[in-house]
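For reference, the structure discussed in these notes is given below.
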Amino acid sequence: MRDKMGKKKAGAAARAILVVAAAAMLGMAGCQDEEALKKQETYRQLGIKELNEGKYEDAVKDFQKALDQSKAKVGDVEIDICYYKATAQYSGGDAEGAIETCTALVDYDKKDAKAYFLRGSFYLKEGEGEKGLEDYGKAFQYGKEELEMYVPAYESLMAAGFEHEAQSLLEDATEVKGDEPEQCRERGRIYLLQGYYGNARQELDKAINAGDDKALLYMAQVYEAQGEPKNAAPLYENYIEKNSKDVTALNQLGEMQLEEGKYEQALKFFQTALEADPAGSQRLRKNEIIAYEKMLDFAAAKEKLETYLQDFPEDEEAQREYVFLQTR
C-alpha cells in the first residue's frame with residue numbers, strides 16, 4: 001500500500017489531467033497524434049487486464065500512462081480511464097487516492113453520475129455512511145436512467161447497514177422505463193432481488209430473446225430461487241457454451257457462486273476459465289483452490305496450492321493455508 005505522499009501524488013495526477021481538460025474547453029488544447037492514440041489504447045487495455053488479474057498497482061501505473069497520452073485533449077475515453085484508475089486504486093488499498101480521483105472527476109463535471117456513484121461506494125466501504133448516501137443521492141439524481149448502477153448500489157447499501165435505503169432504491173429502479181435488452185436484463189435482476197419472480201422472468205425473457213447472454217444467468221437464479229434447479233442448470237450450461245473464453249466473466253461468475261455457497265458450480269466456472277487461459281491469473285488460481293477447500297476436497301486443494309506457490313512464493317496467506325492443508 002502506498003504511503004500518504006504516494007496517495008497525494010495519485011490524486012494530484014488525476015486532478016492534473018482534468019485541469020488539462022479545462023484548458024481544452026477553452027480552445028487551448030493540442031492534438032493527439034495517431035501514435036499517441038495507439039499508445040493510450042495499449043496502456044488502457046493493459047491496465048484493464050492487470051485490474052482483472054488483481055495487479056492493482058501495475059494497473060494504476062498503466063492507466064496513468066494512458067492518461068499521459070492525452071496531450072491536452074480530454075474526452076470520454078480519458079474520463080473512462082479515470083473511472084478504471086479509481087477502481088484500481090481502491091482495490092489496491094489506496095482508498096484516499098481513489099476518492100481523490102473521483103473528486104477530481106466531480107470537480108470537472110458536477111453532473112457526472114458515475115463519479116458520484118464510485119465515490120459513494122468507496123465512502124460506504126470506508127464506513128463514511130453519510131457521505132456515501134449523499135453521493136448516491138447525486139448519482140441517481142443525474143443518472144436515474146442508468147439501470148446498471150442500481151444493483152451494485154443496493155449491495156453496497158445493504159453491506160453498510162442501510163437496508164431501508166437499499167430497498168427504496170430498488171423500488172425507484174423499477175420505475176425506470178426502457179426496452180433495450182440490457183435494461184430488461186437489469187430490471188429482471190432487480191425483480192429477482194425483490195422476490196418478484198414472475199416479473200423477473202417476464203423481463204429476462206425479453207432480454208434473452210433479444211440475445212442478451214447475461215440474462216441467462218439471472219434467469220437461472222430465478223429458477224433456483226423458485227426451487228427448480230433442473231431448469232436452472234441448462235441456462236448455466238448455455239451461458240458457458242456461448243462465453244467459454246470470457247475468462248474475466250467466468251471468474252466473476254465463479255465468485256458469485258462461491259458467495260452463494262454453490263461450490264461445485266463455482267469450481268466449474270473457474271475451471272472453464274482456466275481451460276481458456278491455462279496460465280490463469282493469480283486471483284483465478286486462488287479461487288480454484290478455495291472452491292476445492294469449500295467442497296472439502298483437501299487433496300486437490302493441496303495439489304493446486306503447491307503449484308500455485310511455485311509461481312507466487314511471496315503470497316504469505318497462501319503459505320499459511322498450505323501449512324493448514326498439510327494437516328488435513
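Identifiers for the C-alpha cells are assigned positionally: chains receive A, B, ... in sequence, residues are indexed from 1 per chain, and ligands are indexed from 1 in the order shown.
Residues in contact with region 285-299 of chain A at up to 7 Å, not including ones fewer than 4 positions away on its chain and judged by only C-alpha atoms, are Tyr263, Ala266, Leu267, Phe270, Gly280, Ser281, Glu303, Lys304, Leu305, Leu325 and Arg328 of chain A.
Counting only C-alpha atoms and comparing A:Lys206, A:Arg185, A:Lys144, A:Lys262, the residue that lies closest to Leu169 (chain A) is A:Lys144.
With only C-alpha atoms as the atoms that count, the residue of A:Glu180, A:Ala95, A:Glu146, A:Lys73 with the shortest distance to Asn209 (chain A) is A:Glu180.
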Residue contacts of region 31-44 of chain A (12 Å, only C-alpha atoms) excluding same-chain residues fewer than 5 positions away, as a PDB file with N, CA and C atoms, in the first residue's frame:
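result-v7.pdb was written with the following content:
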```pdb
ATOM      1  N   ALA A  24      -8.584  22.524 -22.542  1.00  0.00           N
ATOM      2  CA  ALA A  24      -9.073  22.088 -23.849  1.00  0.00           C
ATOM      3  C   ALA A  24     -10.391  22.755 -24.175  1.00  0.00           C
ATOM      4  N   LYS A  49      -6.495  -5.324 -18.145  1.00  0.00           N
ATOM      5  CA  LYS A  49      -6.054  -6.710 -17.950  1.00  0.00           C
ATOM      6  C   LYS A  49      -5.449  -6.881 -16.557  1.00  0.00           C
ATOM      7  N   GLU A  50      -4.600  -5.951 -16.163  1.00  0.00           N
ATOM      8  CA  GLU A  50      -3.970  -6.033 -14.846  1.00  0.00           C
ATOM      9  C   GLU A  50      -4.998  -5.868 -13.729  1.00  0.00           C
ATOM     10  N   LEU A  51      -5.972  -5.016 -13.933  1.00  0.00           N
ATOM     11  CA  LEU A  51      -7.043  -4.830 -12.946  1.00  0.00           C
ATOM     12  C   LEU A  51      -7.799  -6.134 -12.746  1.00  0.00           C
ATOM     13  N   ASP A  58       0.140  -2.077 -10.670  1.00  0.00           N
ATOM     14  CA  ASP A  58       0.539  -2.018 -12.078  1.00  0.00           C
ATOM     15  C   ASP A  58      -0.567  -1.385 -12.912  1.00  0.00           C
ATOM     16  N   ALA A  59      -1.806  -1.714 -12.593  1.00  0.00           N
ATOM     17  CA  ALA A  59      -2.937  -1.163 -13.334  1.00  0.00           C
ATOM     18  C   ALA A  59      -2.995   0.352 -13.176  1.00  0.00           C
ATOM     19  N   VAL A  60      -2.814   0.834 -11.958  1.00  0.00           N
ATOM     20  CA  VAL A  60      -2.833   2.284 -11.717  1.00  0.00           C
ATOM     21  C   VAL A  60      -1.759   2.975 -12.552  1.00  0.00           C
ATOM     22  N   LYS A  61      -0.573   2.395 -12.565  1.00  0.00           N
ATOM     23  CA  LYS A  61       0.532   2.991 -13.332  1.00  0.00           C
ATOM     24  C   LYS A  61       0.207   3.054 -14.817  1.00  0.00           C
ATOM     25  N   ASP A  62      -0.383   1.974 -15.351  1.00  0.00           N
ATOM     26  CA  ASP A  62      -0.665   1.949 -16.783  1.00  0.00           C
ATOM     27  C   ASP A  62      -1.854   2.824 -17.144  1.00  0.00           C
ATOM     28  N   PHE A  63      -2.832   2.934 -16.261  1.00  0.00           N
ATOM     29  CA  PHE A  63      -3.922   3.868 -16.530  1.00  0.00           C
ATOM     30  C   PHE A  63      -3.390   5.304 -16.541  1.00  0.00           C
ATOM     31  N   GLN A  64      -2.440   5.605 -15.636  1.00  0.00           N
ATOM     32  CA  GLN A  64      -1.859   6.945 -15.643  1.00  0.00           C
ATOM     33  C   GLN A  64      -1.052   7.187 -16.920  1.00  0.00           C
ATOM     34  N   LYS A  65      -0.341   6.168 -17.390  1.00  0.00           N
ATOM     35  CA  LYS A  65       0.397   6.298 -18.653  1.00  0.00           C
ATOM     36  C   LYS A  65      -0.562   6.556 -19.803  1.00  0.00           C
ATOM     37  N   ALA A  66      -1.724   5.903 -19.754  1.00  0.00           N
ATOM     38  CA  ALA A  66      -2.740   6.143 -20.793  1.00  0.00           C
ATOM     39  C   ALA A  66      -3.216   7.588 -20.739  1.00  0.00           C
ATOM     40  N   LEU A  67      -3.426   8.091 -19.532  1.00  0.00           N
ATOM     41  CA  LEU A  67      -3.852   9.486 -19.385  1.00  0.00           C
ATOM     42  C   LEU A  67      -2.770  10.451 -19.847  1.00  0.00           C
ATOM     43  N   ASP A  68      -1.528  10.070 -19.652  1.00  0.00           N
ATOM     44  CA  ASP A  68      -0.418  10.936 -20.052  1.00  0.00           C
ATOM     45  C   ASP A  68      -0.355  11.143 -21.564  1.00  0.00           C
ATOM     46  N   GLN A  69      -1.015  10.256 -22.324  1.00  0.00           N
ATOM     47  CA  GLN A  69      -1.006  10.379 -23.786  1.00  0.00           C
ATOM     48  C   GLN A  69      -2.027  11.391 -24.289  1.00  0.00           C
ATOM     49  N   SER A  70      -2.823  11.959 -23.383  1.00  0.00           N
ATOM     50  CA  SER A  70      -3.925  12.820 -23.807  1.00  0.00           C
ATOM     51  C   SER A  70      -3.475  14.074 -24.535  1.00  0.00           C
ATOM     52  N   LYS A  71      -2.278  14.575 -24.178  1.00  0.00           N
ATOM     53  CA  LYS A  71      -1.731  15.770 -24.822  1.00  0.00           C
ATOM     54  C   LYS A  71      -2.755  16.902 -24.853  1.00  0.00           C
ATOM     55  N   ALA A  72      -3.294  17.203 -23.691  1.00  0.00           N
ATOM     56  CA  ALA A  72      -4.225  18.325 -23.511  1.00  0.00           C
ATOM     57  C   ALA A  72      -5.560  18.119 -24.194  1.00  0.00           C
ATOM     58  N   LYS A  73      -5.890  16.885 -24.513  1.00  0.00           N
ATOM     59  CA  LYS A  73      -7.209  16.592 -25.068  1.00  0.00           C
ATOM     60  C   LYS A  73      -7.881  15.572 -24.163  1.00  0.00           C
ATOM     61  N   VAL A  74      -8.994  15.937 -23.561  1.00  0.00           N
ATOM     62  CA  VAL A  74      -9.701  15.028 -22.672  1.00  0.00           C
ATOM     63  C   VAL A  74     -11.146  14.911 -23.123  1.00  0.00           C
ATOM     64  N   GLY A  75     -11.550  13.682 -23.344  1.00  0.00           N
ATOM     65  CA  GLY A  75     -12.919  13.406 -23.748  1.00  0.00           C
ATOM     66  C   GLY A  75     -13.435  12.204 -23.005  1.00  0.00           C
ATOM     67  N   VAL A  77     -13.012   9.056 -23.486  1.00  0.00           N
ATOM     68  CA  VAL A  77     -12.031   7.990 -23.250  1.00  0.00           C
ATOM     69  C   VAL A  77     -11.212   8.292 -22.004  1.00  0.00           C
ATOM     70  N   GLU A  78     -10.746   9.538 -21.906  1.00  0.00           N
ATOM     71  CA  GLU A  78      -9.928   9.902 -20.752  1.00  0.00           C
ATOM     72  C   GLU A  78     -10.718   9.810 -19.442  1.00  0.00           C
ATOM     73  N   ILE A  79     -11.972  10.244 -19.484  1.00  0.00           N
ATOM     74  CA  ILE A  79     -12.810  10.146 -18.295  1.00  0.00           C
ATOM     75  C   ILE A  79     -13.018   8.683 -17.911  1.00  0.00           C
ATOM     76  N   ASP A  80     -13.239   7.836 -18.911  1.00  0.00           N
ATOM     77  CA  ASP A  80     -13.418   6.410 -18.661  1.00  0.00           C
ATOM     78  C   ASP A  80     -12.171   5.797 -18.025  1.00  0.00           C
ATOM     79  N   ILE A  81     -11.012   6.216 -18.488  1.00  0.00           N
ATOM     80  CA  ILE A  81      -9.761   5.716 -17.906  1.00  0.00           C
ATOM     81  C   ILE A  81      -9.660   6.123 -16.437  1.00  0.00           C
ATOM     82  N   CYS A  82     -10.130   7.325 -16.116  1.00  0.00           N
ATOM     83  CA  CYS A  82     -10.113   7.765 -14.719  1.00  0.00           C
ATOM     84  C   CYS A  82     -11.015   6.886 -13.852  1.00  0.00           C
ATOM     85  N   TYR A  83     -12.158   6.455 -14.385  1.00  0.00           N
ATOM     86  CA  TYR A  83     -13.019   5.540 -13.633  1.00  0.00           C
ATOM     87  C   TYR A  83     -12.261   4.253 -13.316  1.00  0.00           C
ATOM     88  N   TYR A  84     -11.603   3.711 -14.337  1.00  0.00           N
ATOM     89  CA  TYR A  84     -10.832   2.481 -14.131  1.00  0.00           C
ATOM     90  C   TYR A  84      -9.719   2.706 -13.119  1.00  0.00           C
ATOM     91  N   LYS A  85      -9.068   3.850 -13.237  1.00  0.00           N
ATOM     92  CA  LYS A  85      -7.948   4.132 -12.344  1.00  0.00           C
ATOM     93  C   LYS A  85      -8.427   4.199 -10.888  1.00  0.00           C
TER      94      LYS A  85
END
```
